[in-house]
file work10.txt (compact mmCIF, C-alpha atoms and all ligand atoms)
# COMPACT_ATOMS: atom_id res chain seq x y z
CA MET E 64 0.00 0.00 0.00
CA ALA E 65 1.45 3.32 -1.07
CA ASN E 66 0.17 5.59 1.62
CA PRO E 67 -1.56 3.87 4.56
CA THR E 68 -4.19 5.85 6.46
CA GLY E 69 -3.84 3.86 9.67
CA SER E 70 -7.46 2.74 9.33
CA THR E 71 -8.24 0.05 11.91
CA LEU E 72 -11.14 -1.38 9.88
CA SER E 73 -11.37 -5.08 10.77
CA HIS E 74 -14.59 -6.58 9.37
CA LEU E 75 -18.26 -6.02 8.60
CA GLU E 76 -20.94 -7.12 11.04
CA CYS E 77 -24.67 -7.49 10.52
CA THR E 78 -26.63 -5.21 12.85
CA ALA E 79 -29.46 -7.75 13.06
CA CYS E 80 -28.08 -11.31 13.01
CA GLY E 81 -24.43 -10.66 13.89
CA ARG E 82 -23.01 -12.43 10.83
CA THR E 83 -19.54 -11.15 10.03
CA CYS E 84 -17.92 -10.78 6.64
CA ASP E 85 -14.74 -9.65 4.96
CA ALA E 86 -14.51 -5.88 4.78
CA ASP E 87 -12.12 -6.01 1.85
CA GLU E 88 -14.76 -7.29 -0.57
CA LEU E 89 -17.67 -5.28 -1.90
CA HIS E 90 -20.80 -6.03 0.12
CA ARG E 91 -24.19 -4.48 0.34
CA LEU E 92 -26.78 -5.88 2.81
CA CYS E 93 -26.31 -8.99 4.97
CA ALA E 94 -26.38 -12.06 2.74
CA ASP E 95 -28.24 -14.03 5.44
CA CYS E 96 -30.96 -11.72 6.67
CA GLY E 97 -30.98 -8.70 4.34
CA LYS E 98 -30.33 -6.18 7.11
CA VAL E 99 -27.72 -3.44 7.51
CA LEU E 100 -23.99 -4.24 7.73
CA TYR E 101 -21.78 -2.03 9.89
CA PRO E 102 -18.01 -1.72 9.54
CA ARG E 103 -16.19 -2.62 12.75
CA TYR E 104 -12.76 -1.44 13.83
CA ASP E 105 -10.00 -2.76 16.01
CA LEU E 106 -10.33 0.23 18.29
CA ALA E 107 -7.71 -1.05 20.72
CA LYS E 108 -5.18 -0.42 17.94
CA VAL E 109 -6.14 3.22 17.40
CA ALA E 110 -2.92 5.05 18.22
CA LEU E 111 -4.54 8.44 18.49
CA SER E 112 -5.77 10.61 21.30
CA PRO E 113 -8.02 13.66 21.07
CA SER E 114 -5.06 16.03 21.45
CA ASP E 115 -3.38 14.50 18.37
CA LEU E 116 -6.28 15.78 16.30
CA LEU E 117 -5.39 19.41 16.86
CA GLY E 118 -3.03 19.84 13.92
CA ARG E 119 -5.03 17.78 11.48
CA GLU E 120 -6.85 18.88 8.36
CA PRO E 121 -10.23 20.49 8.97
CA SER E 122 -12.27 17.81 7.23
CA MET E 123 -13.93 14.58 8.26
CA TRP E 124 -10.76 12.74 7.23
CA ARG E 125 -9.08 13.96 10.42
CA TYR E 126 -10.65 10.81 11.95
CA ARG E 127 -9.05 8.49 9.38
CA GLU E 128 -8.10 5.76 11.90
CA VAL E 129 -11.81 5.11 12.45
CA LEU E 130 -12.79 5.47 8.81
CA PRO E 131 -12.77 2.58 6.33
CA ILE E 132 -10.24 3.68 3.69
CA ARG E 133 -6.90 1.89 3.93
CA ASP E 134 -4.83 3.86 1.41
CA ALA E 135 -4.89 7.67 1.55
CA ASP E 136 -4.44 7.76 -2.22
CA HIS E 137 -7.97 6.37 -2.49
CA VAL E 138 -9.60 9.08 -0.42
CA VAL E 139 -11.95 11.12 -2.60
CA SER E 140 -12.33 14.48 -0.92
CA LEU E 141 -13.71 17.90 -1.69
CA GLY E 142 -13.08 19.22 1.84
CA GLU E 143 -16.22 17.77 3.46
CA GLY E 144 -16.94 17.92 7.16
CA PHE E 145 -15.58 19.87 10.11
CA THR E 146 -18.43 22.31 9.61
CA PRO E 147 -18.99 24.95 12.27
CA LEU E 148 -21.12 24.36 15.35
CA LEU E 149 -22.57 27.84 15.57
CA PRO E 150 -24.02 29.28 18.78
CA ALA E 151 -27.53 30.67 18.29
CA PRO E 152 -27.80 33.22 21.09
CA ARG E 153 -30.80 35.15 19.74
CA LEU E 154 -32.81 32.02 19.11
CA SER E 155 -31.83 30.61 22.49
CA ALA E 156 -33.06 33.77 24.23
CA ARG E 157 -36.25 33.90 22.18
CA LEU E 158 -37.05 30.31 23.07
CA GLY E 159 -36.14 30.78 26.72
CA LEU E 160 -33.42 28.16 26.39
CA GLY E 161 -29.88 28.30 27.67
CA ASP E 162 -27.73 27.00 24.84
CA VAL E 163 -28.93 26.20 21.32
CA ARG E 164 -26.33 25.54 18.63
CA ILE E 165 -26.57 24.83 14.94
CA LYS E 166 -24.34 22.32 13.21
CA ASP E 167 -24.27 24.01 9.81
CA GLU E 168 -24.02 21.26 7.25
CA GLY E 169 -25.05 23.60 4.47
CA GLN E 170 -21.36 24.59 4.32
CA ASN E 171 -20.33 21.21 2.92
CA PRO E 172 -19.31 20.68 -0.72
CA THR E 173 -22.50 20.36 -2.80
CA GLY E 174 -24.38 22.23 -0.06
CA SER E 175 -25.51 19.37 2.13
CA PHE E 176 -24.35 16.75 4.61
CA LYS E 177 -24.78 14.11 1.90
CA ALA E 178 -21.19 14.99 0.97
CA ARG E 179 -19.88 13.11 4.01
CA GLY E 180 -21.55 9.82 3.17
CA MET E 181 -20.68 10.01 -0.50
CA SER E 182 -17.06 10.91 0.18
CA ALA E 183 -16.71 7.75 2.30
CA ALA E 184 -18.74 5.45 0.03
CA VAL E 185 -17.14 6.56 -3.24
CA SER E 186 -13.66 6.36 -1.71
CA ARG E 187 -14.21 2.84 -0.47
CA ALA E 188 -15.95 1.68 -3.66
CA ARG E 189 -12.98 2.94 -5.64
CA GLU E 190 -10.55 1.29 -3.22
CA LEU E 191 -12.33 -2.03 -3.69
CA GLY E 192 -12.28 -1.76 -7.46
CA ALA E 193 -15.71 -0.45 -8.45
CA LYS E 194 -15.74 1.31 -11.81
CA ALA E 195 -19.20 2.85 -11.64
CA VAL E 196 -21.48 3.84 -8.78
CA ALA E 197 -25.17 4.62 -8.62
CA ALA E 198 -27.89 5.59 -6.18
CA PRO E 199 -31.50 6.64 -5.96
CA SER E 200 -31.91 10.07 -4.43
CA ALA E 201 -34.63 12.24 -2.97
CA GLY E 202 -32.45 15.16 -4.01
CA ASN E 203 -29.15 16.09 -2.41
CA ALA E 204 -27.58 12.63 -2.41
CA GLY E 205 -27.74 12.55 -6.21
CA GLY E 206 -25.84 15.80 -6.54
CA ALA E 207 -23.27 14.67 -4.00
CA LEU E 208 -22.79 11.27 -5.63
CA ALA E 209 -22.29 12.89 -9.02
CA ALA E 210 -19.68 15.28 -7.63
CA TYR E 211 -17.70 12.63 -5.75
CA ALA E 212 -17.82 10.19 -8.64
CA ALA E 213 -16.50 12.94 -10.91
CA ARG E 214 -13.75 13.68 -8.40
CA ALA E 215 -12.89 9.96 -8.30
CA GLY E 216 -12.97 9.52 -12.06
CA LEU E 217 -15.77 6.95 -11.78
CA ALA E 218 -18.94 6.75 -13.84
CA ALA E 219 -22.14 7.52 -11.94
CA GLY E 220 -25.84 6.87 -12.28
CA VAL E 221 -28.54 8.79 -10.42
CA VAL E 222 -32.27 8.02 -10.39
CA MET E 223 -34.59 10.60 -8.83
CA PRO E 224 -38.30 11.32 -8.43
CA GLU E 225 -39.40 13.52 -11.33
CA ASP E 226 -40.52 16.25 -8.93
CA CYS E 227 -37.32 16.43 -6.87
CA PRO E 228 -35.77 19.91 -6.62
CA ARG E 229 -34.56 21.26 -9.93
CA ILE E 230 -31.13 22.17 -8.54
CA ASN E 231 -30.52 18.53 -7.60
CA GLN E 232 -31.35 17.44 -11.13
CA VAL E 233 -29.06 20.08 -12.58
CA GLU E 234 -26.10 19.40 -10.28
CA ALA E 235 -26.20 15.68 -11.05
CA VAL E 236 -26.30 16.29 -14.82
CA VAL E 237 -23.65 19.02 -14.80
CA SER E 238 -21.30 16.84 -12.76
CA GLY E 239 -21.51 14.22 -15.47
CA ALA E 240 -23.73 11.57 -13.89
CA ASP E 241 -26.14 9.64 -16.07
CA THR E 242 -29.33 10.98 -14.54
CA TRP E 243 -32.93 9.83 -14.87
CA LEU E 244 -36.21 11.05 -13.46
CA VAL E 245 -38.98 8.59 -12.66
CA ASP E 246 -42.63 8.71 -11.70
CA GLY E 247 -42.45 7.61 -8.09
CA LEU E 248 -40.63 8.21 -4.82
CA ILE E 249 -37.11 7.38 -3.66
CA ASP E 250 -37.96 3.77 -2.88
CA ASP E 251 -39.27 3.33 -6.44
CA ALA E 252 -36.05 4.92 -7.73
CA GLY E 253 -34.11 2.51 -5.51
CA ARG E 254 -35.87 -0.48 -7.04
CA LEU E 255 -35.00 0.76 -10.52
CA VAL E 256 -31.33 1.25 -9.61
CA ARG E 257 -31.28 -2.37 -8.38
CA THR E 258 -32.99 -3.58 -11.53
CA THR E 259 -30.50 -1.97 -13.86
CA SER E 260 -27.27 -2.23 -11.80
CA GLU E 261 -26.06 -5.46 -13.31
CA ALA E 262 -26.57 -4.38 -16.91
CA ARG E 263 -24.79 -1.09 -16.26
CA GLY E 264 -22.01 -2.47 -14.04
CA TRP E 265 -22.98 -0.15 -11.19
CA PHE E 266 -22.07 -0.61 -7.57
CA ASP E 267 -25.24 0.53 -5.81
CA VAL E 268 -24.52 2.93 -2.93
CA SER E 269 -28.13 3.34 -1.69
CA THR E 270 -27.96 4.60 1.86
CA LEU E 271 -27.43 1.89 4.50
CA LYS E 272 -27.66 -0.70 1.74
CA GLU E 273 -23.89 -0.53 1.44
CA PRO E 274 -21.72 -0.27 4.56
CA TYR E 275 -19.79 2.97 4.08
CA ARG E 276 -22.08 5.98 3.67
CA VAL E 277 -22.89 5.65 7.35
CA GLU E 278 -19.18 5.88 8.11
CA GLY E 279 -19.00 9.28 6.49
CA LYS E 280 -22.10 10.40 8.35
CA LYS E 281 -20.83 9.14 11.68
CA THR E 282 -18.16 11.85 11.60
CA LEU E 283 -21.00 14.21 12.60
CA GLY E 284 -20.81 12.50 15.99
CA TYR E 285 -17.03 12.74 16.25
CA GLU E 286 -17.16 16.42 15.36
CA LEU E 287 -19.90 17.16 17.84
CA ALA E 288 -17.79 15.69 20.64
CA GLU E 289 -14.59 17.39 19.51
CA GLN E 290 -16.25 20.77 19.06
CA LEU E 291 -17.82 20.57 22.52
CA GLY E 292 -14.58 19.60 24.26
CA TRP E 293 -15.33 15.85 24.32
CA GLU E 294 -18.65 16.20 25.97
CA LEU E 295 -21.90 15.48 24.16
CA PRO E 296 -24.91 17.81 24.22
CA ASP E 297 -28.12 16.97 26.08
CA VAL E 298 -30.33 16.93 23.02
CA VAL E 299 -29.68 16.34 19.31
CA ILE E 300 -32.47 17.19 16.85
CA TYR E 301 -32.05 15.59 13.46
CA PRO E 302 -34.24 15.76 10.32
CA THR E 303 -34.71 12.13 9.41
CA GLY E 304 -35.33 10.50 6.07
CA GLY E 305 -33.29 7.32 5.83
CA GLY E 306 -31.77 8.21 9.22
CA THR E 307 -28.17 7.51 8.22
CA GLY E 308 -26.80 10.53 10.05
CA LEU E 309 -28.65 9.73 13.24
CA VAL E 310 -27.59 6.10 13.41
CA GLY E 311 -24.10 7.12 12.29
CA MET E 312 -23.80 9.49 15.25
CA TRP E 313 -25.10 6.80 17.56
CA LYS E 314 -22.40 4.46 16.27
CA ALA E 315 -19.75 7.17 16.69
CA PHE E 316 -20.76 7.71 20.32
CA ALA E 317 -20.26 4.00 21.07
CA GLU E 318 -16.88 3.98 19.33
CA MET E 319 -15.71 7.08 21.19
CA THR E 320 -16.71 5.57 24.53
CA GLU E 321 -14.75 2.44 23.66
CA LEU E 322 -11.79 4.61 22.69
CA GLY E 323 -12.02 6.36 26.05
CA TRP E 324 -12.58 9.74 24.36
CA ILE E 325 -15.97 10.36 25.98
CA GLY E 326 -17.94 8.87 28.87
CA GLU E 327 -21.28 7.05 28.86
CA LYS E 328 -23.50 10.12 28.58
CA ARG E 329 -25.64 10.21 25.44
CA PRO E 330 -27.79 13.00 24.06
CA ARG E 331 -31.54 12.44 23.78
CA MET E 332 -31.84 11.77 20.04
CA VAL E 333 -34.84 13.43 18.43
CA VAL E 334 -36.14 12.38 15.02
CA VAL E 335 -37.96 15.09 13.06
CA GLN E 336 -40.12 14.29 10.06
CA ALA E 337 -42.67 16.18 8.00
CA GLU E 338 -46.36 15.68 8.76
CA GLY E 339 -46.83 14.54 5.16
CA CYS E 340 -44.29 11.73 5.53
CA ALA E 341 -43.72 10.55 9.09
CA PRO E 342 -43.31 6.76 9.13
CA LEU E 343 -40.77 6.80 11.98
CA VAL E 344 -42.84 9.13 14.14
CA ARG E 345 -45.84 6.86 13.70
CA ALA E 346 -43.82 3.76 14.56
CA HIS E 347 -42.25 5.47 17.57
CA ASP E 348 -45.67 6.58 18.84
CA ARG E 349 -46.93 3.01 18.52
CA GLY E 350 -43.90 1.58 20.28
CA GLU E 351 -42.93 -0.43 17.22
CA ARG E 352 -39.43 -1.32 16.04
CA HIS E 353 -40.18 -1.23 12.35
CA ALA E 354 -41.85 1.50 10.33
CA PRO E 355 -44.14 0.38 7.50
CA ARG E 356 -44.18 2.39 4.28
CA TRP E 357 -45.95 5.78 4.48
CA GLU E 358 -48.39 5.97 1.59
CA ASP E 359 -48.84 9.18 -0.45
CA ALA E 360 -45.77 10.83 1.04
CA ALA E 361 -45.83 14.58 0.42
CA THR E 362 -43.59 17.38 1.65
CA ASP E 363 -41.53 20.16 0.08
CA ALA E 364 -38.66 19.10 2.33
CA SER E 365 -37.45 16.68 -0.32
CA GLY E 366 -34.90 14.99 1.94
CA LEU E 367 -37.73 14.01 4.29
CA ARG E 368 -39.86 12.51 1.53
CA VAL E 369 -38.59 9.04 2.33
CA PRO E 370 -41.54 6.70 2.88
CA VAL E 371 -39.55 3.74 4.13
CA ALA E 372 -36.16 3.39 5.83
CA VAL E 373 -34.09 0.20 5.66
CA GLY E 374 -32.46 1.15 8.98
CA ASP E 375 -35.78 1.80 10.75
CA TYR E 376 -34.90 -0.51 13.67
CA LEU E 377 -31.52 1.20 14.14
CA ILE E 378 -33.13 4.65 14.24
CA LEU E 379 -35.97 3.66 16.55
CA ASP E 380 -33.61 1.79 18.90
CA ALA E 381 -31.32 4.83 19.17
CA VAL E 382 -34.26 7.14 19.87
CA ARG E 383 -35.61 4.88 22.60
CA ASP E 384 -32.29 3.94 24.16
CA SER E 385 -31.35 7.59 24.39
CA GLY E 386 -34.63 8.68 25.99
CA GLY E 387 -35.35 10.79 22.92
CA THR E 388 -38.50 11.18 20.91
CA ALA E 389 -39.90 11.63 17.40
CA VAL E 390 -41.95 14.59 16.21
CA SER E 391 -43.49 15.69 12.96
CA VAL E 392 -43.87 19.30 11.85
CA SER E 393 -46.04 21.01 9.26
CA GLU E 394 -44.95 22.70 6.03
CA ASP E 395 -45.97 26.08 7.48
CA GLU E 396 -43.88 25.51 10.58
CA MET E 397 -40.89 24.69 8.38
CA ARG E 398 -41.40 27.82 6.30
CA GLU E 399 -41.70 29.98 9.39
CA ALA E 400 -38.62 28.38 10.94
CA THR E 401 -36.65 28.97 7.73
CA ARG E 402 -37.32 32.70 7.99
CA GLU E 403 -36.65 32.74 11.69
CA LEU E 404 -33.29 30.97 11.53
CA ALA E 405 -32.14 33.09 8.60
CA ALA E 406 -33.28 36.41 10.06
CA ALA E 407 -32.32 35.76 13.69
CA GLU E 408 -28.98 34.06 13.17
CA GLY E 409 -27.92 34.55 9.54
CA ILE E 410 -28.18 30.85 8.83
CA TYR E 411 -30.44 30.21 5.84
CA PRO E 412 -31.40 26.58 6.30
CA ALA E 413 -32.69 23.86 4.04
CA PRO E 414 -36.34 23.05 4.85
CA GLU E 415 -35.10 19.89 6.57
CA GLY E 416 -32.83 21.96 8.80
CA ALA E 417 -35.64 24.38 9.53
CA ALA E 418 -37.74 21.42 10.63
CA THR E 419 -35.40 20.95 13.59
CA LEU E 420 -36.13 24.44 14.86
CA ALA E 421 -39.87 23.88 14.47
CA ALA E 422 -39.46 20.66 16.45
CA LEU E 423 -37.46 22.40 19.16
CA ARG E 424 -40.27 24.89 19.67
CA ARG E 425 -42.71 22.01 20.15
CA LEU E 426 -40.40 20.24 22.58
CA ARG E 427 -39.92 23.41 24.58
CA ASP E 428 -43.68 23.97 24.70
CA THR E 429 -44.28 20.47 26.01
CA GLY E 430 -41.42 20.66 28.51
CA LEU E 431 -39.37 17.92 26.86
CA VAL E 432 -36.53 20.39 26.43
CA THR E 433 -35.81 22.84 29.23
CA GLU E 434 -33.60 25.83 29.93
CA SER E 435 -30.72 23.76 31.29
CA ASP E 436 -30.42 21.61 28.16
CA ARG E 437 -27.66 22.15 25.64
CA VAL E 438 -29.35 21.51 22.29
CA VAL E 439 -27.82 20.91 18.87
CA LEU E 440 -29.94 21.38 15.74
CA PHE E 441 -28.71 19.88 12.49
CA ASN E 442 -29.09 22.14 9.52
CA THR E 443 -28.41 19.44 6.97
CA GLY E 444 -28.34 21.63 3.88
CA ALA E 445 -28.09 25.13 2.46
CA GLY E 446 -31.33 27.08 2.00
CA GLN E 447 -29.94 28.36 -1.28
CA LYS E 448 -30.71 24.97 -2.82
CA TYR E 449 -34.47 25.53 -2.26
CA PRO E 450 -35.12 29.01 -3.67
CA ASP E 451 -38.88 28.50 -3.90
CA PHE E 452 -39.54 27.07 -0.46
CA VAL E 453 -40.13 30.45 1.20
CA PRO E 454 -41.73 33.05 -1.07
CA ALA E 455 -39.59 36.16 -1.19
CA SER E 456 -40.09 38.92 -3.75
CA PRO E 457 -38.30 42.21 -3.24
CA GLU E 458 -40.27 45.22 -4.41
CA PHE E 459 -39.22 46.73 -7.74
CA VAL E 460 -38.56 50.46 -7.63
CA PRO E 461 -37.42 52.17 -10.85
CA ALA E 462 -33.96 53.69 -10.67
CA ASP E 463 -35.31 57.17 -11.50
CA SER E 464 -38.03 57.06 -8.86
CA PRO E 465 -38.12 60.03 -6.45
CA ALA E 466 -38.89 57.49 -3.70
CA TRP E 467 -35.16 56.76 -3.37
CA ALA E 468 -34.42 60.28 -2.23
CA SER E 469 -37.16 60.20 0.39
CA GLY E 470 -35.90 56.93 1.88
CA LEU E 471 -38.44 54.73 -0.01
C1 LIG C 501 -31.03 18.34 3.40
C2 LIG C 501 -31.39 16.95 3.87
N1 LIG C 501 -31.67 16.75 5.16
C3 LIG C 501 -31.99 15.53 5.65
C4 LIG C 501 -32.07 14.43 4.84
C5 LIG C 501 -32.39 13.10 5.44
O1 LIG C 501 -31.19 12.43 5.66
P1 LIG C 501 -31.09 10.93 6.20
O2 LIG C 501 -31.39 10.07 5.03
O3 LIG C 501 -29.70 10.76 6.73
O4 LIG C 501 -32.10 10.77 7.27
C6 LIG C 501 -31.77 14.57 3.48
C7 LIG C 501 -31.85 13.40 2.57
O5 LIG C 501 -32.01 13.52 1.38
C8 LIG C 501 -31.42 15.86 2.98
O6 LIG C 501 -31.11 16.05 1.69
ZN ZN C 502 -27.81 -10.53 9.05

call {"tool": "encode", "arguments": {"input": "work10.txt", "output": "structure tokens"}}
result
Amino acid sequence: MANPTGSTLSHLECTACGRTCDADELHRLCADCGKVLYPRYDLAKVALSPSDLLGREPSMWRYREVLPIRDADHVVSLGEGFTPLLPAPRLSARLGLGDVRIKDEGQNPTGSFKARGMSAAVSRARELGAKAVAAPSAGNAGGALAAYAARAGLAAGVVMPEDCPRINQVEAVVSGADTWLVDGLIDDAGRLVRTTSEARGWFDVSTLKEPYRVEGKKTLGYELAEQLGWELPDVVIYPTGGGTGLVGMWKAFAEMTELGWIGEKRPRMVVVQAEGCAPLVRAHDRGERHAPRWEDAATDASGLRVPVAVGDYLILDAVRDSGGTAVSVSEDEMREATRELAAAEGIYPAPEGAATLAALRRLRDTGLVTESDRVVLFNTGAGQKYPDFVPASPEFVPADSPAWASGL
């Protein structure tokens, strides 16, 4: 190996039946039970302590010993991760809360946190010899996959719902991915990717259906701890579609405890979904471990228009084990929260990110979050990618109008 990363990746393990398999072959779901495979690491061999991180590059690859790429020459990076954890003092005061912070994932390459997962998955697919990668996407994942595949010099295929945001269609096409729109939702697109993968020679990187996107997303958890001085917040509010970021963070917390970097304390993990597509909220309310498909899913928060999640049991377990909860919010609440976050703190969020603020307000009202809680909201994307979500039309005033001189 030309340039070893020091990765301590040891094997893959099924999260449901415990079957293990070789991490140095391409795998997708567990061959025995069809559930999610997680990469496992030989954490006892991690020769790194938190203080060693200080001089490292400000990207998610600063945690390379606990990431799955063995040779640094295979890392496909556009500078993803290590996004700021911004204090939100005005919002905190307005809500009567002590400490609300925003993890601003809109600052990632391609404008969303999907960059993390795709950086890891495309890197590892390339390392293991894949020549072409593909995924279904509700929106941002398609743009991110196209960008990382381009960066890697791999061919890419993206299949998206025909009504997914225009910018996501454009970014996938411009970045050179073969891109198709279909009549249906992301799970229909996923079925079509599976159907055509063999003929096209694609390695399918559908989220949680291959083992490495979650590894990119788990760096959210490492960063949270590092940015808070190796102490986790009391509450994490996360806009959940497939839930990869939430379960990734949960995995990161366990790894960091095993490494001795943090203690046993866990944040209460809060799932936020849109009222028009809330399969996990419904399952959580019913005390179930699996979330049946949500029919007629509808929301303008495209990343939340995910009617079924393959990792449903991982998400619901994390929520319950952490003492968290699941809430759904309306389209109007998301629109209002978009304006509020942008105008109060200068952070123009994606609708999915705005949903976390709407959820926080609910949780505060019902007493589930109180003044003494340190809360982190995940703004998972840039508002600029959704220019039509909140109507905004500046008034036109002709340049020769006398109104200018009188202060309009
Ligand atoms: C901006 C944004 N937020 C949240 C999500 C949901 O992410 P996850 O699938 O990790 O739950 C998506 C997925 O498309 C997204 O694009
Ligand atoms: Zn299994």

call {"tool": "axis_aligned_box", "arguments": {"input": "work10.txt", "around": "region 115-129 of chain E", "padding_each_side": "5 Å", "output": "lines of an AutoDock Vina configuration file"}}
result
center_x = -8.5
center_y = 12.8
center_z = 12.8
size_x = 20.9
size_y = 25.4
size_z = 21.1

call {"tool": "residues_near_ligand", "arguments": {"input": "work10.txt", "ligand": "ligand LIG 501 (chain C)", "cutoff": "9 Å", "atoms": "all atoms listed in the file", "output": "PyMOL selection string"}}
result
chain E and resi 168-169+174-177+180+200-205+270+277+280+301-311+334+364-369+372+412-416+441-446

call {"tool": "residues_near_ligand", "arguments": {"input": "work10.txt", "ligand": "ligand ZN 502 (chain C)", "cutoff": "8 Å", "atoms": "all atoms listed in the file", "output": "NGL selection string"}}
result
:E and (76-82 or 92-100)

call {"tool": "residues_around", "arguments": {"input": "work10.txt", "residues": "Thr362 (chain E)", "least_positions_apart": "3", "cutoff": "12 Å", "atoms": "all atoms listed in the file", "output": "PyMOL selection string"}}
result
chain E and resi 201+226-228+248+304+336-341+359+365-370+391-395+397-398+414-415+418+452

call {"tool": "write_last_selection", "arguments": {"input": "work10.txt", "atoms": "C-alpha atoms", "output": "PDB file, in the coordinates of the input"}}
result
ATOM      1  CA  ALA E 201     -34.630  12.240  -2.970  1.00  0.00           C
ATOM      2  CA  ASP E 226     -40.520  16.250  -8.930  1.00  0.00           C
ATOM      3  CA  CYS E 227     -37.320  16.430  -6.870  1.00  0.00           C
ATOM      4  CA  PRO E 228     -35.770  19.910  -6.620  1.00  0.00           C
ATOM      5  CA  LEU E 248     -40.630   8.210  -4.820  1.00  0.00           C
ATOM      6  CA  GLY E 304     -35.330  10.500   6.070  1.00  0.00           C
ATOM      7  CA  GLN E 336     -40.120  14.290  10.060  1.00  0.00           C
ATOM      8  CA  ALA E 337     -42.670  16.180   8.000  1.00  0.00           C
ATOM      9  CA  GLU E 338     -46.360  15.680   8.760  1.00  0.00           C
ATOM     10  CA  GLY E 339     -46.830  14.540   5.160  1.00  0.00           C
ATOM     11  CA  CYS E 340     -44.290  11.730   5.530  1.00  0.00           C
ATOM     12  CA  ALA E 341     -43.720  10.550   9.090  1.00  0.00           C
ATOM     13  CA  ASP E 359     -48.840   9.180  -0.450  1.00  0.00           C
ATOM     14  CA  SER E 365     -37.450  16.680  -0.320  1.00  0.00           C
ATOM     15  CA  GLY E 366     -34.900  14.990   1.940  1.00  0.00           C
ATOM     16  CA  LEU E 367     -37.730  14.010   4.290  1.00  0.00           C
ATOM     17  CA  ARG E 368     -39.860  12.510   1.530  1.00  0.00           C
ATOM     18  CA  VAL E 369     -38.590   9.040   2.330  1.00  0.00           C
ATOM     19  CA  PRO E 370     -41.540   6.700   2.880  1.00  0.00           C
ATOM     20  CA  SER E 391     -43.490  15.690  12.960  1.00  0.00           C
ATOM     21  CA  VAL E 392     -43.870  19.300  11.850  1.00  0.00           C
ATOM     22  CA  SER E 393     -46.040  21.010   9.260  1.00  0.00           C
ATOM     23  CA  GLU E 394     -44.950  22.700   6.030  1.00  0.00           C
ATOM     24  CA  ASP E 395     -45.970  26.080   7.480  1.00  0.00           C
ATOM     25  CA  MET E 397     -40.890  24.690   8.380  1.00  0.00           C
ATOM     26  CA  ARG E 398     -41.400  27.820   6.300  1.00  0.00           C
ATOM     27  CA  PRO E 414     -36.340  23.050   4.850  1.00  0.00           C
ATOM     28  CA  GLU E 415     -35.100  19.890   6.570  1.00  0.00           C
ATOM     29  CA  ALA E 418     -37.740  21.420  10.630  1.00  0.00           C
ATOM     30  CA  PHE E 452     -39.540  27.070  -0.460  1.00  0.00           C
TER      31      PHE E 452
END

call {"tool": "closest_residue", "arguments": {"input": "work10.txt", "among": "E:Thr433, E:Thr401, E:Ser469, E:Ser260", "to": "Ala421 (chain E)", "atoms": "all atoms listed in the file"}}
result
E:Thr401

call {"tool": "atom_distance", "arguments": {"input": "work10.txt", "atom1": "CA of Ala219 (chain E)", "atom2": "CA of Thr259 (chain E)"}}
result
12.8 Å

call {"tool": "atom_distance", "arguments": {"input": "work10.txt", "atom1": "CA of Leu141 (chain E)", "atom2": "CA of His90 (chain E)"}}
result
25.0 Å

call {"tool": "atom_distance", "arguments": {"input": "work10.txt", "atom1": "CA of Tyr104 (chain E)", "atom2": "CA of Gln290 (chain E)"}}
result
23.1 Å

call {"tool": "closest_residue", "arguments": {"input": "work10.txt", "among": "E:Ser73, E:Gln232, E:Thr68, E:Ser385", "to": "Pro199 (chain E)", "atoms": "only C-alpha atoms"}}
result
E:Gln232

call {"tool": "closest_residue", "arguments": {"input": "work10.txt", "among": "E:Gly350, E:Gly387, E:Pro150, E:Gly279", "to": "Val298 (chain E)", "atoms": "only C-alpha atoms"}}
result
E:Gly387

call {"tool": "residues_around", "arguments": {"input": "work10.txt", "residues": "Ala235 (chain E)", "least_positions_apart": "6", "cutoff": "12 Å", "atoms": "only C-alpha atoms", "output": "ChimeraX atom specification"}}
result
/E:173,197-200,202-213,218-223,227-229,241-244

call {"tool": "residues_near_point", "arguments": {"input": "work10.txt", "point": "(-21.3, 21.6, 18.8)", "cutoff": "10 Å", "atoms": "only C-alpha atoms", "output": "MDAnalysis selection string"}}
result
chainID E and resid 146:150 163:167 283:284 286:296 299 437:441

call {"tool": "closest_residue", "arguments": {"input": "work10.txt", "among": "E:Asp85, E:Leu158, E:Phe145, E:Asn231", "to": "Asp428 (chain E)", "atoms": "only C-alpha atoms"}}
result
E:Leu158

call {"tool": "residues_around", "arguments": {"input": "work10.txt", "residues": "Asn66 (chain E)", "least_positions_apart": "5", "cutoff": "8 Å", "atoms": "only C-alpha atoms", "output": "JSON list (two decimals) with C-alpha atoms, in the frame of the given file"}}
result
[["chain", "number", "residue", "atom", "x", "y", "z"],
["E", 134, "ASP", "CA", -4.83, 3.86, 1.41],
["E", 135, "ALA", "CA", -4.89, 7.67, 1.55],
["E", 136, "ASP", "CA", -4.44, 7.76, -2.22]]

call {"tool": "closest_residue", "arguments": {"input": "work10.txt", "among": "E:Glu358, E:Arg157, E:Trp324, E:Pro152", "to": "Ser114 (chain E)", "atoms": "only C-alpha atoms"}}
result
E:Trp324

call {"tool": "closest_residue", "arguments": {"input": "work10.txt", "among": "E:Met312, E:Val371, E:Ala422, E:Ala195", "to": "Ala262 (chain E)", "atoms": "only C-alpha atoms"}}
result
E:Ala195

call {"tool": "residues_around", "arguments": {"input": "work10.txt", "residues": "Met319 (chain E)", "least_positions_apart": "3", "cutoff": "10 Å", "atoms": "all atoms listed in the file", "output": "list in words"}}
result
Leu106, Val129, Gly284, Tyr285, Ala288, Trp293, Lys314, Ala315, Phe316, Leu322, Gly323, Trp324, Ile325, Gly326 and Glu327 of chain E
